[in-house]
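Student: Below is query_23.cif; it holds mmCIF, C-alpha atoms (C1' of nucleotides).
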```cif
data_structure
#
loop_
_atom_site.label_atom_id
_atom_site.label_comp_id
_atom_site.auth_asym_id
_atom_site.auth_seq_id
_atom_site.Cartn_x
_atom_site.Cartn_y
_atom_site.Cartn_z
CA MET A 1 0.14 -76.74 34.55
CA LYS A 2 -0.55 -73.21 33.52
CA ASP A 3 2.97 -72.19 34.43
CA VAL A 4 4.42 -75.02 32.42
CA TYR A 5 2.69 -73.79 29.30
CA GLN A 6 3.92 -70.26 29.81
CA GLN A 7 7.41 -71.46 30.48
CA ILE A 8 7.51 -73.53 27.31
CA ALA A 9 5.98 -70.70 25.31
CA PHE A 10 8.58 -68.20 26.44
CA GLU A 11 11.30 -70.71 25.81
CA LYS A 12 10.12 -71.31 22.28
CA LEU A 13 9.85 -67.59 21.62
CA ARG A 14 13.36 -66.97 22.90
CA ASP A 15 14.75 -69.92 20.95
CA ALA A 16 13.25 -68.47 17.81
CA GLY A 17 14.92 -65.14 18.51
CA LEU A 18 11.60 -63.45 19.20
CA LYS A 19 10.88 -60.99 21.95
CA ILE A 20 8.81 -61.58 25.04
CA THR A 21 6.57 -58.54 24.85
CA LYS A 22 3.63 -57.50 26.99
CA PRO A 23 0.95 -58.51 24.45
CA ARG A 24 2.62 -61.87 23.89
CA GLN A 25 2.88 -62.47 27.61
CA MET A 26 -0.74 -61.58 28.20
CA ILE A 27 -2.04 -63.71 25.36
CA VAL A 28 -0.01 -66.71 26.44
CA ASP A 29 -1.45 -66.13 29.88
CA PHE A 30 -5.04 -66.19 28.65
CA LEU A 31 -4.42 -69.22 26.51
CA ALA A 32 -2.82 -71.06 29.39
CA SER A 33 -5.90 -70.76 31.54
CA SER A 34 -8.68 -70.89 28.98
CA ASP A 35 -10.57 -74.02 28.08
CA THR A 36 -12.37 -72.40 25.20
CA ALA A 37 -10.96 -71.36 21.87
CA LEU A 38 -10.19 -67.65 21.84
CA SER A 39 -10.74 -65.45 18.83
CA PRO A 40 -8.68 -62.27 18.39
CA TYR A 41 -11.63 -60.11 19.37
CA GLU A 42 -12.36 -62.19 22.45
CA VAL A 43 -8.76 -61.76 23.53
CA GLN A 44 -9.11 -58.04 23.00
CA ASN A 45 -12.14 -57.98 25.29
CA LEU A 46 -10.34 -59.97 27.93
CA LEU A 47 -7.47 -57.52 27.79
CA GLN A 48 -9.84 -54.60 28.02
CA LYS A 49 -11.38 -56.04 31.16
CA LYS A 50 -7.94 -55.99 32.69
CA GLY A 51 -7.62 -52.37 31.69
CA ILE A 52 -5.17 -53.10 28.91
CA LYS A 53 -5.73 -51.57 25.50
CA SER A 54 -4.39 -53.58 22.62
CA ASP A 55 -5.07 -53.60 18.92
CA VAL A 56 -6.64 -56.65 17.29
CA VAL A 57 -3.99 -56.42 14.62
CA THR A 58 -1.39 -57.19 17.23
CA ILE A 59 -3.43 -60.09 18.51
CA TYR A 60 -3.76 -61.52 15.02
CA ARG A 61 -0.02 -61.29 14.63
CA VAL A 62 0.68 -62.88 17.99
CA PHE A 63 -1.58 -65.80 17.12
CA GLU A 64 0.26 -66.19 13.85
CA VAL A 65 3.58 -66.38 15.67
CA LEU A 66 2.24 -68.82 18.25
CA GLU A 67 0.78 -71.01 15.54
CA ASN A 68 4.12 -71.17 13.74
CA LEU A 69 5.76 -72.23 16.97
CA SER A 70 3.09 -74.92 17.44
CA LEU A 71 1.96 -73.30 20.63
CA VAL A 72 -1.64 -72.92 19.55
CA HIS A 73 -3.96 -74.71 17.21
CA LYS A 74 -6.76 -73.16 15.27
CA VAL A 75 -10.22 -74.50 16.00
CA LEU A 76 -11.98 -74.00 12.73
CA ALA A 77 -15.55 -74.51 13.84
CA PHE A 78 -15.18 -71.85 16.53
CA ASN A 79 -12.88 -69.59 14.60
CA GLY A 80 -10.46 -69.31 17.48
CA TYR A 81 -7.24 -70.62 18.90
CA ILE A 82 -6.59 -73.04 21.71
CA ARG A 83 -3.31 -73.84 23.37
CA CYS A 84 -1.63 -77.09 22.41
CA HIS A 85 -1.33 -79.57 25.21
CA THR A 86 1.87 -79.64 27.19
CA GLU A 87 2.86 -83.14 26.16
CA GLU A 88 2.46 -82.23 22.55
CA LEU A 89 4.56 -79.14 22.85
CA LYS A 90 7.65 -81.19 23.34
CA SER A 91 6.97 -83.60 20.51
CA LEU A 92 8.66 -83.06 17.19
CA GLU A 93 6.18 -85.26 15.40
CA GLU A 94 3.21 -84.10 13.42
CA ILE A 95 0.63 -83.42 16.03
CA CYS A 96 -2.78 -85.02 16.31
CA HIS A 97 -5.54 -82.67 17.35
CA HIS A 98 -8.86 -84.15 18.28
CA TYR A 99 -11.31 -81.84 19.89
CA LEU A 100 -14.73 -82.06 21.41
CA LEU A 101 -16.52 -78.78 20.89
CA CYS A 102 -19.53 -78.09 23.06
CA LYS A 103 -22.17 -76.17 21.14
CA SER A 104 -23.67 -74.97 24.34
CA CYS A 105 -20.82 -73.73 26.54
CA LYS A 106 -18.19 -73.52 23.78
CA ARG A 107 -15.74 -75.43 25.88
CA VAL A 108 -13.06 -77.32 23.98
CA GLU A 109 -11.94 -80.66 25.32
CA GLU A 110 -9.05 -82.54 23.88
CA VAL A 111 -9.45 -86.23 23.20
CA GLU A 112 -6.48 -88.08 24.52
CA GLY A 113 -5.06 -91.48 23.87
CA GLU A 114 -6.82 -91.94 20.57
CA ASP A 115 -4.68 -91.68 17.62
CA LEU A 116 -5.44 -91.89 14.02
CA THR A 117 -2.03 -93.02 12.91
CA ASN A 118 -3.40 -96.25 11.52
CA LEU A 119 -6.22 -94.54 9.71
CA GLU A 120 -3.77 -92.01 8.33
CA LYS A 121 -1.39 -94.67 7.11
CA LYS A 122 -4.23 -96.50 5.43
CA ILE A 123 -5.37 -93.32 3.74
CA GLU A 124 -1.87 -92.44 2.59
CA LYS A 125 -1.55 -95.87 1.08
CA ASN A 126 -4.99 -96.18 -0.46
CA TYR A 127 -5.32 -92.68 -1.78
CA GLY A 128 -1.71 -91.78 -2.44
CA PHE A 129 -2.29 -88.70 -0.34
CA LYS A 130 0.45 -87.19 1.81
CA ILE A 131 -1.11 -85.99 5.05
CA ARG A 132 0.49 -82.94 6.62
CA SER A 133 -1.99 -82.16 9.37
CA HIS A 134 -5.56 -82.72 10.21
CA TYR A 135 -8.54 -81.22 11.88
CA LEU A 136 -10.83 -83.51 13.80
CA GLU A 137 -13.55 -81.60 15.53
CA PHE A 138 -16.56 -83.24 17.11
CA MET A 139 -19.49 -80.90 17.63
CA GLY A 140 -21.92 -81.81 20.33
CA VAL A 141 -22.94 -81.31 23.92
CA CYS A 142 -20.56 -81.86 26.82
CA LYS A 143 -21.21 -83.73 30.04
CA ASN A 144 -21.98 -80.64 32.09
CA CYS A 145 -24.34 -79.10 29.60
CA LYS A 146 -26.21 -82.38 29.18
CA LYS A 147 -26.76 -82.39 32.94
CA LYS A 148 -27.98 -78.82 32.99
CA LYS A 149 -30.39 -79.51 30.20
CA GLY A 150 -31.67 -82.55 32.05
CA GLN A 151 -32.36 -80.49 35.16
CA ALA A 152 -34.04 -77.63 33.35
CA MET B 1 -23.66 -89.18 -11.44
CA LYS B 2 -24.02 -85.47 -11.86
CA ASP B 3 -27.62 -85.86 -12.92
CA VAL B 4 -28.38 -88.03 -9.92
CA TYR B 5 -27.23 -85.29 -7.58
CA GLN B 6 -29.33 -82.68 -9.29
CA GLN B 7 -32.33 -84.95 -9.31
CA ILE B 8 -32.06 -85.62 -5.60
CA ALA B 9 -31.46 -81.97 -4.88
CA PHE B 10 -34.57 -80.85 -6.73
CA GLU B 11 -36.54 -83.59 -5.09
CA LYS B 12 -35.45 -82.50 -1.64
CA LEU B 13 -36.23 -78.89 -2.42
CA ARG B 14 -39.70 -79.77 -3.66
CA ASP B 15 -40.36 -82.04 -0.70
CA ALA B 16 -39.47 -79.18 1.60
CA GLY B 17 -41.94 -76.95 -0.20
CA LEU B 18 -39.17 -74.80 -1.63
CA LYS B 19 -38.98 -73.43 -5.12
CA ILE B 20 -36.64 -74.51 -7.87
CA THR B 21 -35.33 -71.14 -8.91
CA LYS B 22 -32.65 -70.19 -11.41
CA PRO B 23 -29.94 -69.46 -8.84
CA ARG B 24 -30.67 -72.68 -6.99
CA GLN B 25 -30.55 -74.65 -10.19
CA MET B 26 -27.26 -73.11 -11.24
CA ILE B 27 -25.62 -73.61 -7.88
CA VAL B 28 -26.71 -77.22 -7.68
CA ASP B 29 -25.29 -77.60 -11.15
CA PHE B 30 -21.88 -76.22 -10.16
CA LEU B 31 -21.78 -78.31 -7.01
CA ALA B 32 -22.66 -81.43 -8.92
CA SER B 33 -19.67 -81.13 -11.17
CA SER B 34 -17.10 -79.57 -8.87
CA ASP B 35 -14.51 -81.52 -6.95
CA THR B 36 -13.37 -78.53 -4.98
CA ALA B 37 -15.19 -76.74 -2.22
CA LEU B 38 -16.92 -73.65 -3.54
CA SER B 39 -17.15 -70.43 -1.59
CA PRO B 40 -19.99 -68.01 -2.27
CA TYR B 41 -17.67 -65.65 -4.12
CA GLU B 42 -16.25 -68.44 -6.24
CA VAL B 43 -19.76 -69.39 -7.25
CA GLN B 44 -20.45 -65.81 -8.15
CA ASN B 45 -17.40 -65.78 -10.42
CA LEU B 46 -18.46 -69.02 -12.06
CA LEU B 47 -21.88 -67.54 -12.69
CA GLN B 48 -20.36 -64.39 -14.09
CA LYS B 49 -18.30 -66.42 -16.55
CA LYS B 50 -21.56 -67.87 -17.82
CA GLY B 51 -22.90 -64.36 -18.25
CA ILE B 52 -25.21 -64.63 -15.26
CA LYS B 53 -25.27 -61.87 -12.69
CA SER B 54 -26.20 -62.96 -9.22
CA ASP B 55 -25.74 -61.45 -5.81
CA VAL B 56 -23.50 -63.13 -3.23
CA VAL B 57 -26.28 -62.64 -0.71
CA THR B 58 -28.43 -64.97 -2.73
CA ILE B 59 -25.63 -67.49 -2.94
CA TYR B 60 -25.13 -67.40 0.80
CA ARG B 61 -28.82 -68.03 1.25
CA VAL B 62 -28.88 -70.87 -1.23
CA PHE B 63 -25.98 -72.57 0.55
CA GLU B 64 -27.83 -72.18 3.81
CA VAL B 65 -30.87 -73.91 2.36
CA LEU B 66 -28.79 -76.68 0.81
CA GLU B 67 -26.96 -77.23 4.07
CA ASN B 68 -30.22 -77.60 5.97
CA LEU B 69 -31.34 -80.18 3.44
CA SER B 70 -28.02 -82.03 3.89
CA LEU B 71 -27.17 -81.47 0.25
CA VAL B 72 -23.88 -79.74 0.96
CA HIS B 73 -21.32 -79.84 3.70
CA LYS B 74 -19.16 -76.98 4.78
CA VAL B 75 -15.42 -77.55 4.43
CA LEU B 76 -14.06 -75.38 7.20
CA ALA B 77 -10.42 -75.31 6.18
CA PHE B 78 -11.34 -74.06 2.71
CA ASN B 79 -14.26 -71.94 3.75
CA GLY B 80 -16.47 -73.41 1.10
CA TYR B 81 -19.15 -75.96 0.42
CA ILE B 82 -18.96 -79.34 -1.23
CA ARG B 83 -21.82 -81.56 -2.32
CA CYS B 84 -22.61 -84.53 -0.16
CA HIS B 85 -22.08 -87.86 -1.82
CA THR B 86 -25.00 -89.51 -3.45
CA GLU B 87 -25.09 -92.50 -1.16
CA GLU B 88 -25.17 -90.26 1.83
CA LEU B 89 -27.98 -88.16 0.49
CA LYS B 90 -30.40 -91.00 0.96
CA SER B 91 -29.25 -91.89 4.43
CA LEU B 92 -31.19 -90.60 7.40
CA GLU B 93 -28.34 -91.22 9.78
CA GLU B 94 -25.92 -88.64 11.05
CA ILE B 95 -23.45 -88.35 8.26
CA CYS B 96 -19.73 -88.93 8.47
CA HIS B 97 -17.65 -86.52 6.49
CA HIS B 98 -14.00 -87.31 6.03
CA TYR B 99 -12.18 -85.22 3.55
CA LEU B 100 -8.73 -85.06 2.05
CA LEU B 101 -7.93 -81.48 1.21
CA CYS B 102 -5.10 -80.87 -1.21
CA LYS B 103 -3.17 -77.75 -0.28
CA SER B 104 -1.86 -77.48 -3.77
CA CYS B 105 -4.82 -77.93 -6.12
CA LYS B 106 -7.56 -77.44 -3.52
CA ARG B 107 -9.27 -80.59 -4.64
CA VAL B 108 -11.46 -82.26 -2.04
CA GLU B 109 -11.56 -86.03 -1.97
CA GLU B 110 -13.94 -87.95 0.20
CA VAL B 111 -12.60 -90.86 2.21
CA GLU B 112 -14.92 -93.79 1.83
CA GLY B 113 -15.45 -96.93 3.78
CA GLU B 114 -13.80 -95.65 6.93
CA ASP B 115 -16.07 -94.83 9.68
CA LEU B 116 -15.44 -93.47 13.06
CA THR B 117 -18.48 -94.97 14.70
CA ASN B 118 -16.38 -96.96 17.12
CA LEU B 119 -14.21 -94.01 18.00
CA GLU B 120 -17.32 -91.91 18.47
CA LYS B 121 -18.96 -94.47 20.72
CA LYS B 122 -15.83 -94.68 22.80
CA ILE B 123 -15.68 -90.92 23.12
CA GLU B 124 -19.34 -90.65 24.04
CA LYS B 125 -18.81 -93.23 26.75
CA ASN B 126 -15.48 -92.00 28.09
CA TYR B 127 -16.18 -88.29 27.98
CA GLY B 128 -19.93 -88.22 28.46
CA PHE B 129 -20.07 -86.10 25.33
CA LYS B 130 -23.01 -86.32 22.93
CA ILE B 131 -21.67 -86.04 19.41
CA ARG B 132 -23.95 -84.35 16.90
CA SER B 133 -21.64 -84.02 13.94
CA HIS B 134 -18.00 -83.88 13.17
CA TYR B 135 -15.46 -82.41 10.88
CA LEU B 136 -12.53 -84.53 9.84
CA GLU B 137 -10.33 -82.77 7.38
CA PHE B 138 -6.91 -84.00 6.37
CA MET B 139 -4.69 -81.35 4.89
CA GLY B 140 -1.95 -82.49 2.59
CA VAL B 141 -0.91 -83.14 -0.98
CA CYS B 142 -2.87 -85.34 -3.33
CA LYS B 143 -1.59 -88.03 -5.64
CA ASN B 144 -1.54 -85.85 -8.73
CA CYS B 145 0.19 -82.92 -7.12
CA LYS B 146 2.83 -85.18 -5.60
CA LYS B 147 3.56 -86.47 -9.08
CA LYS B 148 3.80 -82.98 -10.54
CA LYS B 149 6.17 -81.92 -7.80
CA GLY B 150 8.30 -84.95 -8.44
CA GLN B 151 8.60 -84.12 -12.12
CA ALA B 152 9.39 -80.45 -11.60
"C1'" DG C 1 21.51 -48.39 19.86
"C1'" DT C 2 19.28 -51.57 16.81
"C1'" DG C 3 15.90 -54.22 15.02
"C1'" DT C 4 11.70 -56.23 16.04
"C1'" DA C 5 6.91 -55.58 17.59
"C1'" DT C 6 3.13 -52.61 18.30
"C1'" DG C 7 -0.45 -49.21 17.27
"C1'" DC C 8 -2.91 -46.57 14.12
"C1'" DA C 9 -5.12 -45.75 9.77
"C1'" DA C 10 -7.12 -47.56 6.15
"C1'" DA C 11 -7.98 -50.92 2.61
"C1'" DT C 12 -9.89 -55.30 1.65
"C1'" DG C 13 -12.77 -59.12 2.25
"C1'" DT C 14 -16.74 -61.69 4.38
"C1'" DT C 15 -21.22 -62.24 6.26
"C1'" DT C 16 -25.71 -60.48 7.75
"C1'" DT C 17 -29.96 -57.66 7.67
"C1'" DG C 18 -33.96 -55.04 5.92
"C1'" DC C 19 -36.81 -53.99 2.45
"C1'" DA C 20 -38.86 -53.48 -2.23
"C1'" DC C 21 -39.44 -56.00 -6.29
"C1'" DG C 22 -39.67 -60.16 -9.13
"C1'" DT C 23 -40.85 -64.87 -10.11
"C1'" DC C 24 -42.24 -69.61 -9.28
"C1'" DC C 25 -46.11 -72.41 -8.35
"C1'" DG D 1 -52.63 -64.01 -6.89
"C1'" DG D 2 -49.96 -65.09 -3.15
"C1'" DA D 3 -45.88 -66.50 -0.98
"C1'" DC D 4 -41.40 -67.24 -1.31
"C1'" DG D 5 -36.91 -65.86 -3.26
"C1'" DT D 6 -33.89 -62.45 -5.19
"C1'" DG D 7 -31.38 -58.12 -5.67
"C1'" DC D 8 -29.86 -53.93 -3.86
"C1'" DA D 9 -28.14 -51.03 -0.24
"C1'" DA D 10 -25.93 -50.77 3.70
"C1'" DA D 11 -24.37 -52.24 8.07
"C1'" DA D 12 -21.65 -55.24 10.76
"C1'" DC D 13 -17.89 -57.99 11.26
"C1'" DA D 14 -13.26 -60.08 10.16
"C1'" DT D 15 -8.70 -59.88 8.22
"C1'" DT D 16 -4.65 -57.74 6.01
"C1'" DT D 17 -1.27 -54.13 4.78
"C1'" DG D 18 1.80 -50.06 5.23
"C1'" DC D 19 4.09 -47.08 7.91
"C1'" DA D 20 5.67 -44.36 11.98
"C1'" DT D 21 6.62 -45.02 16.76
"C1'" DA D 22 7.82 -47.65 20.92
"C1'" DC D 23 10.13 -51.04 23.34
"C1'" DA D 24 12.83 -55.50 24.29
"C1'" DC D 25 17.24 -57.01 24.15
#
```
Would you kindly transcribe this structure into structure tokens?
Tutor:
Amino acid sequence: MKDVYQQIAFEKLRDAGLKITKPRQMIVDFLASSDTALSPYEVQNLLQKKGIKSDVVTIYRVFEVLENLSLVHKVLAFNGYIRCHTEELKSLEEICHHYLLCKSCKRVEEVEGEDLTNLEKKIEKNYGFKIRSHYLEFMGVCKNCKKKKGQA
Amino acid sequence: MKDVYQQIAFEKLRDAGLKITKPRQMIVDFLASSDTALSPYEVQNLLQKKGIKSDVVTIYRVFEVLENLSLVHKVLAFNGYIRCHTEELKSLEEICHHYLLCKSCKRVEEVEGEDLTNLEKKIEKNYGFKIRSHYLEFMGVCKNCKKKKGQA
DNA sequence: GTGTATGCAAATGTTTTGCACGTCC
DNA sequence: GGACGTGCAAAACATTTGCATACAC
């Protein structure tokens, strides 16, 4: 799963005529295995822990590139980026992002199988509004954290 | 409509034992008549244009207060605050915020009559996730701006 | 070798904190 | 008069820009 993401990411970078550099490799790596949204500074810390020094500026720029290639999606409420799901990566359609954000552990879960196409169509019709993308972020408490709280 | 918002805002402030100060009055006033999300610095500029000098710090703090009283809602994608709708102000329930954000004119429209209660219930059941609040922001182009583009 | 990407420096912008003073009730 | 709110100063934090160097291809 993790490897698939990396593979697709490198492919997309190459296809766009961009280079596969160390920072880009590392960041794709972190994204592939993280289930929280990563901010540039968090990525920098992760890199530091691996003994790698990298400037936040670079990380900002890498995220920008990855976002343009639809490899990551910004999670507004957490001010960070999360990898797009593998199935979505291959789709050419406008992508639906629905996230469950746990206030407690900061984990980001993706809601699958629900799509808002009908709602969007209705809105486009009723409001004359052309939808380009959307953010749907549910803030709350995840399964695991509910359990922990219950035990405590 | 504008007056109703102000009235409710002052009422809520009083009920919470908070004071109705000049900055709070002014900010409520701007919010009441604005159909875009206002950032603290934008509010400061608006105040300046009226010949009133006010510190951004104060504005940040006023927004914090208003948010706690459910008088404003943060629009993440625009990094600003928009007034809550009058009907919602009286509701004690968790509030649903669905916004249409126009990339072009920055206007924020509220989607009415659609609620995600069913989707939320399904998510809570399927994912064991307790939803506290959500952000649903559709980015796109509004009716007016589509028209303008068409003419140009 | 060439052109893109990175790192560094620094500017710019945003948000938060502490404290003294002002003002609303 | 007393408590809460504001303004100021400054710190902390986040983001962007320009330019020289390094590195992927």
Student: Report as a ChimeraX atom specification the set of chain A residues whose atoms approach chain C to within 8 Å, with distances computed over all atoms listed in the file.
Tutor: /A:18-19,21,54-55,58
Student: Starting from the PyMOL selection byres ((chain A) within 9 of (chain B)), expand the selection into actual residues of this file and give them as a ChimeraX atom specification.
Tutor: /A:76-77,100,102,111,114,119-120,123,127-144,146
Student: Quick one: chain B onto chain A, least squares on all Cα paired in order, result as a short mmCIF file (atom, residue, chain, number, x, y, z; two decimals) with C-alpha atoms, in the frame of the given file?
Tutor:
```
data_model
loop_
_atom_site.label_atom_id
_atom_site.label_comp_id
_atom_site.auth_asym_id
_atom_site.auth_seq_id
_atom_site.Cartn_x
_atom_site.Cartn_y
_atom_site.Cartn_z
CA MET B 1 0.09 -76.70 34.58
CA LYS B 2 -0.58 -73.15 33.56
CA ASP B 3 2.93 -72.14 34.49
CA VAL B 4 4.39 -74.99 32.48
CA TYR B 5 2.67 -73.74 29.35
CA GLN B 6 3.90 -70.22 29.84
CA GLN B 7 7.40 -71.43 30.53
CA ILE B 8 7.50 -73.49 27.37
CA ALA B 9 5.98 -70.68 25.37
CA PHE B 10 8.58 -68.16 26.49
CA GLU B 11 11.29 -70.68 25.88
CA LYS B 12 10.12 -71.30 22.34
CA LEU B 13 9.86 -67.59 21.67
CA ARG B 14 13.38 -66.99 22.95
CA ASP B 15 14.76 -69.94 21.02
CA ALA B 16 13.25 -68.50 17.87
CA GLY B 17 14.94 -65.18 18.56
CA LEU B 18 11.63 -63.48 19.24
CA LYS B 19 10.91 -61.00 21.97
CA ILE B 20 8.82 -61.55 25.05
CA THR B 21 6.60 -58.52 24.83
CA LYS B 22 3.65 -57.45 26.95
CA PRO B 23 0.97 -58.49 24.45
CA ARG B 24 2.62 -61.85 23.90
CA GLN B 25 2.88 -62.43 27.60
CA MET B 26 -0.75 -61.55 28.19
CA ILE B 27 -2.03 -63.69 25.36
CA VAL B 28 0.00 -66.68 26.46
CA ASP B 29 -1.44 -66.09 29.89
CA PHE B 30 -5.04 -66.15 28.66
CA LEU B 31 -4.42 -69.21 26.53
CA ALA B 32 -2.83 -71.03 29.41
CA SER B 33 -5.90 -70.72 31.55
CA SER B 34 -8.68 -70.88 28.99
CA ASP B 35 -10.55 -74.02 28.08
CA THR B 36 -12.35 -72.41 25.21
CA ALA B 37 -10.95 -71.37 21.88
CA LEU B 38 -10.18 -67.67 21.85
CA SER B 39 -10.72 -65.48 18.83
CA PRO B 40 -8.67 -62.32 18.39
CA TYR B 41 -11.63 -60.15 19.35
CA GLU B 42 -12.35 -62.21 22.44
CA VAL B 43 -8.77 -61.74 23.53
CA GLN B 44 -9.11 -58.04 22.99
CA ASN B 45 -12.16 -57.97 25.25
CA LEU B 46 -10.35 -59.95 27.92
CA LEU B 47 -7.49 -57.49 27.75
CA GLN B 48 -9.87 -54.57 27.96
CA LYS B 49 -11.42 -56.00 31.11
CA LYS B 50 -7.96 -55.95 32.65
CA GLY B 51 -7.63 -52.31 31.66
CA ILE B 52 -5.19 -53.06 28.86
CA LYS B 53 -5.75 -51.55 25.44
CA SER B 54 -4.39 -53.57 22.58
CA ASP B 55 -5.07 -53.63 18.89
CA VAL B 56 -6.65 -56.69 17.26
CA VAL B 57 -3.98 -56.46 14.58
CA THR B 58 -1.39 -57.20 17.20
CA ILE B 59 -3.42 -60.10 18.50
CA TYR B 60 -3.74 -61.56 15.03
CA ARG B 61 0.00 -61.30 14.64
CA VAL B 62 0.70 -62.88 17.99
CA PHE B 63 -1.55 -65.83 17.14
CA GLU B 64 0.29 -66.21 13.87
CA VAL B 65 3.60 -66.39 15.69
CA LEU B 66 2.27 -68.83 18.28
CA GLU B 67 0.81 -71.02 15.57
CA ASN B 68 4.14 -71.20 13.76
CA LEU B 69 5.79 -72.24 17.00
CA SER B 70 3.11 -74.94 17.47
CA LEU B 71 1.97 -73.30 20.68
CA VAL B 72 -1.63 -72.91 19.56
CA HIS B 73 -3.93 -74.71 17.21
CA LYS B 74 -6.72 -73.15 15.26
CA VAL B 75 -10.18 -74.52 16.01
CA LEU B 76 -11.94 -73.99 12.72
CA ALA B 77 -15.51 -74.52 13.84
CA PHE B 78 -15.13 -71.86 16.53
CA ASN B 79 -12.84 -69.59 14.61
CA GLY B 80 -10.45 -69.31 17.49
CA TYR B 81 -7.22 -70.61 18.92
CA ILE B 82 -6.58 -73.04 21.72
CA ARG B 83 -3.28 -73.84 23.40
CA CYS B 84 -1.62 -77.08 22.46
CA HIS B 85 -1.32 -79.56 25.27
CA THR B 86 1.85 -79.63 27.23
CA GLU B 87 2.85 -83.12 26.22
CA GLU B 88 2.48 -82.23 22.61
CA LEU B 89 4.55 -79.12 22.91
CA LYS B 90 7.66 -81.17 23.40
CA SER B 91 6.97 -83.57 20.58
CA LEU B 92 8.63 -83.02 17.24
CA GLU B 93 6.17 -85.22 15.43
CA GLU B 94 3.21 -84.05 13.43
CA ILE B 95 0.62 -83.40 16.04
CA CYS B 96 -2.79 -84.99 16.28
CA HIS B 97 -5.53 -82.66 17.33
CA HIS B 98 -8.86 -84.16 18.26
CA TYR B 99 -11.29 -81.86 19.88
CA LEU B 100 -14.72 -82.08 21.40
CA LEU B 101 -16.50 -78.80 20.89
CA CYS B 102 -19.50 -78.10 23.06
CA LYS B 103 -22.15 -76.19 21.15
CA SER B 104 -23.65 -75.00 24.35
CA CYS B 105 -20.80 -73.73 26.53
CA LYS B 106 -18.17 -73.53 23.78
CA ARG B 107 -15.73 -75.46 25.90
CA VAL B 108 -13.05 -77.33 23.99
CA GLU B 109 -11.94 -80.68 25.33
CA GLU B 110 -9.03 -82.56 23.90
CA VAL B 111 -9.44 -86.26 23.20
CA GLU B 112 -6.44 -88.10 24.52
CA GLY B 113 -4.99 -91.48 23.85
CA GLU B 114 -6.77 -91.96 20.55
CA ASP B 115 -4.67 -91.66 17.57
CA LEU B 116 -5.48 -91.88 13.97
CA THR B 117 -2.07 -93.02 12.84
CA ASN B 118 -3.44 -96.25 11.46
CA LEU B 119 -6.27 -94.54 9.67
CA GLU B 120 -3.82 -92.02 8.27
CA LYS B 121 -1.45 -94.70 7.05
CA LYS B 122 -4.30 -96.50 5.38
CA ILE B 123 -5.44 -93.33 3.69
CA GLU B 124 -1.94 -92.46 2.53
CA LYS B 125 -1.63 -95.90 1.01
CA ASN B 126 -5.10 -96.20 -0.50
CA TYR B 127 -5.42 -92.68 -1.82
CA GLY B 128 -1.81 -91.80 -2.50
CA PHE B 129 -2.40 -88.70 -0.41
CA LYS B 130 0.37 -87.22 1.73
CA ILE B 131 -1.16 -86.01 4.96
CA ARG B 132 0.46 -82.96 6.52
CA SER B 133 -2.00 -82.17 9.27
CA HIS B 134 -5.58 -82.73 10.14
CA TYR B 135 -8.53 -81.24 11.86
CA LEU B 136 -10.83 -83.51 13.78
CA GLU B 137 -13.54 -81.61 15.52
CA PHE B 138 -16.55 -83.24 17.11
CA MET B 139 -19.47 -80.92 17.62
CA GLY B 140 -21.91 -81.80 20.33
CA VAL B 141 -22.91 -81.32 23.94
CA CYS B 142 -20.55 -81.87 26.82
CA LYS B 143 -21.17 -83.73 30.04
CA ASN B 144 -21.96 -80.65 32.09
CA CYS B 145 -24.33 -79.12 29.60
CA LYS B 146 -26.19 -82.40 29.19
CA LYS B 147 -26.72 -82.43 32.94
CA LYS B 148 -27.95 -78.85 33.00
CA LYS B 149 -30.38 -79.57 30.20
CA GLY B 150 -31.65 -82.59 32.05
CA GLN B 151 -32.34 -80.55 35.16
CA ALA B 152 -34.06 -77.70 33.35
#
```
Student: Spell out the residues picked by the PyMOL selection byres ((chain A) within 10 of (chain D)) here, as a VMD selection string.
Tutor: chain A and resid 18 to 22 40 to 41 56 to 57 60
Student: Hey, can you check how far atom CA of B:Ala37 sits from atom CA of B:Val72?
Tutor: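 Distance between the two atoms: 9.7 Å.
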Student: Grab the atom CA of A:Ile52 to atom CA of A:Asp29 distance for me, in Å with one decimal place.
Tutor: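 Atom CA of A:Asp29 lies 13.6 Å from atom CA of A:Ile52.
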Student: For a test of reading the model, state the distance in Å between atom CA of A:Thr36 and atom CA of B:Lys74, rounded to one decimal.
Tutor: 22.0 Å
